[in-house]
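Participant: Dumping the structure here so I can ask a few things about it.
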Amino acid sequence: MTVNSPKILIYSHDTFGLGHLRRCQTIAQSLVGSFAEMSVLILSGSPIIGSFEFRSRVDFVRIPGVIKLRSGEYTSLSLQLDINETIAIRSSIIEHTAKVFKPDIFIVDKEPLGLRGEVLPTLQYLKGQKTQLVLGLRDVMDDPLVLKEEWLRKRAYPAVNDLYDEIWVYGPSVMSNPLKGLGFDQSVMDKTLFTGYLRRTLPSSAQDFTAPFDGAPYVLVTPGGGGDGVELVDWVMRAYEARLRPLFPALIVLGPFMSKADVDAFTTRASHLRDVEMLRFTPELEPYMVQATAVVGMGGYNTFCEILSFDNPALLVPRIVPRREQAIRAEQAQRLGLVQMLPIDAYPSVDLMVKALANLPFISPPSHAHSENYLGGLDVINQRTAEILGLGGQLPPKTTPRVEGIDHTCRTG
């Protein structure tokens, strides 16, 4: 096809955390930056999507939110509705939006059928409209045996086999193949494209950024959305409270989904520490990461992309429930020499965390162990999109945007 004013629809179920939303936002911003006439619409259930800024020609449709309970069941986030009623509303909005928007490409993030199958009617409709259907997957999904059982239970295999035209894996093949061990035929592997990681860049607002600790070197601690990062933050806090060794100051960004009780408790503890500052949430973490001497995180997809993009020495403390995704990523990244890892099973050993934090600023950054094509994901996605739309000659030169006024060299003082 050759499309003059292409339209791309991106679905992100966003039941919890920031990962899906930020990944979709990054892809959307890159696409409209590469194609002058393109419009991208994001379907999202995230309650905080309005906190993020989007480029011109990117917009979003907010569908009713849901949350996943500890039992594994879902419930409506705000509405006093049965979950089946909420899913029916979400599914109707998704399908109606697709029919009106008429996308040339429909990208579904992570869940082949969406939350509880809510995207299936839209996939079936768009298949008949010759829309290119793309399933976008993280570099790591979960343990293959667990993921295979989940996809069988959710009846995702027919969609992956028959409905989707392409599968984009947002990582390099050297890191992981999320489809390995799931039993797919070669036909599915043949339509799989490994893009590389999605490079992150500084927003224009970074020019007005004021560094914490009056510009002194610091360690950035980020548990992502924060809802499952209490152990990580507590472990780091214990290390600073113990005063066993001198440590660089720590800026801890708690995340928007951490409970108020935990936020209040950590804030009170930090008030007694001169070298620990708390930040509840920022939709633009990039300037803090660029200026940081090192980063401590859980190893979620977006944090890992940022660590590679800004070349931070990093310590990952991955969770292992409800998925082993972060642990698998962290273990492989450590084998490749990209990061250091501390298993959550060692929590709350203060000695181990103190030692890791003391050594962290002096380990090699990721660039010492990986090639530039690890971060080629956005360029590959833009190029493949151009090929699908018949717009290959309209792509601008590859660039790596930088913002003046930010020091990209020495961050250790």
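We label chains A, B, ... in the order they appear in the structure tokens, count residues from 1 in each chain, and number ligands from 1 in the order shown.
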Could you give me, as a list in words, the residues within 12 Å of Pro158 of chain A, counting only C-alpha atoms and dropping anything in the same chain fewer than 4 positions from it?
Facilitator: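 Those residues are Pro112, Leu113, Leu120, Leu123, Gln124, Trp151, Leu152, Arg153, Lys154, Asp162, Leu163, Tyr164, Phe184, Asp185 and Val188 of chain A.
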Participant: Output C-alpha atoms for every residue in the selection just made, as a short mmCIF file (atom, residue, chain, number, x, y, z; two decimals), in the first residue's frame.
Facilitator:
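Saved as part_38.cif:
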```cif
data_model
loop_
_atom_site.label_atom_id
_atom_site.label_comp_id
_atom_site.auth_asym_id
_atom_site.auth_seq_id
_atom_site.Cartn_x
_atom_site.Cartn_y
_atom_site.Cartn_z
CA PRO A 112 -2.37 -11.08 21.88
CA LEU A 113 -6.10 -10.83 22.61
CA LEU A 120 -10.44 -10.03 19.57
CA LEU A 123 -8.65 -7.80 15.40
CA GLN A 124 -11.24 -9.78 13.46
CA TRP A 151 -1.46 -18.31 26.35
CA LEU A 152 -3.14 -21.71 26.02
CA ARG A 153 -5.58 -20.78 28.77
CA LYS A 154 -6.28 -17.41 27.15
CA ASP A 162 -3.64 -16.62 12.02
CA LEU A 163 -4.63 -13.03 12.80
CA TYR A 164 -1.34 -11.21 13.26
CA PHE A 184 4.96 -22.21 17.48
CA ASP A 185 5.48 -23.35 13.90
CA VAL A 188 5.28 -17.66 13.26
#
```
Participant: Run DSSP on the backbone and give me the residues of segment 2-148 of chain A it puts in strand (DSSP E or B), as a PyMOL selection string.
Facilitator: chain A and resi 7-12+39-44+58-62+66-68+74-76+105-109+132-138
Participant: Could you write out that same residue set with N, CA and C atoms as a compact mmCIF listing (two decimals), in the first residue's frame?
Facilitator:
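Output saved as part.txt:
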```
# COMPACT_ATOMS: atom_id res chain seq x y z
N LYS A 7 -2.37 6.33 9.38
CA LYS A 7 -2.88 6.33 10.74
C LYS A 7 -2.50 5.01 11.41
N ILE A 8 -2.02 5.13 12.63
CA ILE A 8 -1.63 3.95 13.40
C ILE A 8 -2.37 3.97 14.73
N LEU A 9 -2.97 2.84 15.05
CA LEU A 9 -3.67 2.67 16.32
C LEU A 9 -2.85 1.73 17.19
N ILE A 10 -2.61 2.12 18.44
CA ILE A 10 -1.82 1.31 19.37
C ILE A 10 -2.68 0.99 20.59
N TYR A 11 -2.74 -0.28 20.95
CA TYR A 11 -3.51 -0.71 22.12
C TYR A 11 -2.58 -1.10 23.25
N SER A 12 -2.87 -0.56 24.45
CA SER A 12 -2.10 -0.87 25.65
C SER A 12 -3.09 -1.10 26.78
N SER A 39 -0.68 10.18 11.89
CA SER A 39 -1.39 10.36 13.15
C SER A 39 -1.37 9.03 13.90
N VAL A 40 -1.13 9.11 15.21
CA VAL A 40 -1.09 7.92 16.05
C VAL A 40 -2.05 8.10 17.21
N LEU A 41 -2.89 7.11 17.42
CA LEU A 41 -3.87 7.14 18.50
C LEU A 41 -3.59 5.96 19.43
N ILE A 42 -3.49 6.22 20.73
CA ILE A 42 -3.20 5.19 21.72
C ILE A 42 -4.46 4.90 22.53
N LEU A 43 -4.83 3.63 22.61
CA LEU A 43 -5.91 3.17 23.46
C LEU A 43 -5.30 2.69 24.76
N SER A 44 -5.69 3.26 25.88
CA SER A 44 -5.03 2.92 27.13
C SER A 44 -6.00 2.95 28.31
N VAL A 58 -0.10 12.92 18.09
CA VAL A 58 -0.29 11.75 18.95
C VAL A 58 -1.38 12.10 19.96
N ASP A 59 -2.36 11.22 20.08
CA ASP A 59 -3.41 11.45 21.06
C ASP A 59 -3.80 10.11 21.67
N PHE A 60 -4.69 10.14 22.65
CA PHE A 60 -5.06 8.89 23.30
C PHE A 60 -6.56 8.85 23.59
N VAL A 61 -7.06 7.64 23.69
CA VAL A 61 -8.43 7.38 24.14
C VAL A 61 -8.32 6.61 25.43
N ARG A 62 -8.86 7.16 26.48
CA ARG A 62 -8.79 6.53 27.81
C ARG A 62 -10.00 5.60 27.98
N VAL A 66 -8.85 -0.96 34.95
CA VAL A 66 -9.03 -2.13 35.81
C VAL A 66 -7.73 -2.35 36.58
N ILE A 67 -7.82 -3.07 37.68
CA ILE A 67 -6.62 -3.43 38.43
C ILE A 67 -6.64 -4.92 38.70
N LYS A 68 -5.45 -5.47 38.88
CA LYS A 68 -5.31 -6.89 39.17
C LYS A 68 -5.11 -7.06 40.67
N TYR A 74 -9.30 -9.68 38.31
CA TYR A 74 -9.36 -8.27 37.94
C TYR A 74 -10.64 -7.65 38.49
N THR A 75 -10.56 -6.36 38.75
CA THR A 75 -11.74 -5.61 39.17
C THR A 75 -11.66 -4.22 38.58
N SER A 76 -12.80 -3.57 38.46
CA SER A 76 -12.84 -2.21 37.92
C SER A 76 -12.07 -1.26 38.83
N ILE A 105 -2.26 0.54 10.35
CA ILE A 105 -1.54 -0.45 11.15
C ILE A 105 -2.13 -0.43 12.55
N PHE A 106 -2.35 -1.62 13.11
CA PHE A 106 -2.84 -1.75 14.49
C PHE A 106 -1.78 -2.53 15.27
N ILE A 107 -1.21 -1.88 16.28
CA ILE A 107 -0.17 -2.50 17.10
C ILE A 107 -0.76 -2.82 18.47
N VAL A 108 -0.70 -4.08 18.85
CA VAL A 108 -1.21 -4.54 20.15
C VAL A 108 -0.01 -4.85 21.03
N ASP A 109 0.03 -4.22 22.19
CA ASP A 109 1.17 -4.38 23.10
C ASP A 109 0.98 -5.58 24.02
N GLN A 132 -2.81 -3.79 8.64
CA GLN A 132 -1.68 -4.62 9.05
C GLN A 132 -1.72 -4.78 10.57
N LEU A 133 -1.80 -6.01 11.03
CA LEU A 133 -1.93 -6.30 12.45
C LEU A 133 -0.59 -6.74 13.01
N VAL A 134 -0.13 -6.03 14.03
CA VAL A 134 1.20 -6.26 14.60
C VAL A 134 1.06 -6.54 16.10
N LEU A 135 1.69 -7.62 16.55
CA LEU A 135 1.79 -7.91 17.98
C LEU A 135 3.17 -7.46 18.44
N GLY A 136 3.22 -6.54 19.40
CA GLY A 136 4.49 -6.06 19.93
C GLY A 136 4.81 -6.73 21.25
N LEU A 137 5.98 -7.34 21.37
CA LEU A 137 6.37 -8.07 22.57
C LEU A 137 7.63 -7.49 23.17
N ARG A 138 7.73 -7.55 24.50
CA ARG A 138 8.97 -7.21 25.18
C ARG A 138 10.04 -8.23 24.79
```
Participant: Out of A:Val295, A:Met258, A:Leu198, A:Ala346, which residue has the shortest atom-to-atom distance to Gly226 of chain A when counting only C-alpha atoms?
Facilitator: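 Checking each of A:Val295, A:Met258, A:Leu198, A:Ala346 against Gly226 of chain A, counting only C-alpha atoms, the winner is A:Met258.
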Participant: Excluding same-chain residues fewer than 5 positions from Leu145 of chain A, what lies within 9 Å of it counting only C-alpha atoms, as a PDB file with N, CA and C atoms, in the first residue's frame?
Facilitator:
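The result, stored in part04.pdb:
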```pdb
ATOM      1  N   GLU A 150      -0.235 -19.922  30.086  1.00  0.00           N
ATOM      2  CA  GLU A 150      -1.087 -18.731  30.102  1.00  0.00           C
ATOM      3  C   GLU A 150      -1.722 -18.484  28.749  1.00  0.00           C
ATOM      4  N   GLY A 181      10.317 -21.879  22.976  1.00  0.00           N
ATOM      5  CA  GLY A 181       9.752 -22.830  23.917  1.00  0.00           C
ATOM      6  C   GLY A 181       8.242 -22.821  23.987  1.00  0.00           C
ATOM      7  N   LEU A 182       7.585 -22.009  23.141  1.00  0.00           N
ATOM      8  CA  LEU A 182       6.124 -21.939  23.175  1.00  0.00           C
ATOM      9  C   LEU A 182       5.475 -22.875  22.167  1.00  0.00           C
TER      10      LEU A 182
END
```
Participant: Hey, what does DSSP flag as helix (DSSP H, G or I) within segment 45-270 of chain A? Can you give it to me as JSON, numbers by chain?
Facilitator: {"A": [49, 50, 51, 83, 84, 85, 86, 87, 88, 89, 90, 91, 92, 93, 94, 95, 96, 97, 98, 99, 100, 101, 115, 116, 117, 120, 121, 122, 123, 124, 125, 126, 127, 128, 144, 145, 146, 147, 148, 149, 150, 151, 152, 153, 157, 158, 159, 160, 161, 162, 163, 186, 187, 188, 189, 190, 204, 205, 206, 207, 208, 213, 214, 215, 230, 231, 232, 233, 234, 235, 236, 237, 238, 239, 240, 241, 242, 260, 261, 262, 263, 264, 265, 266, 267, 268, 269, 270]}
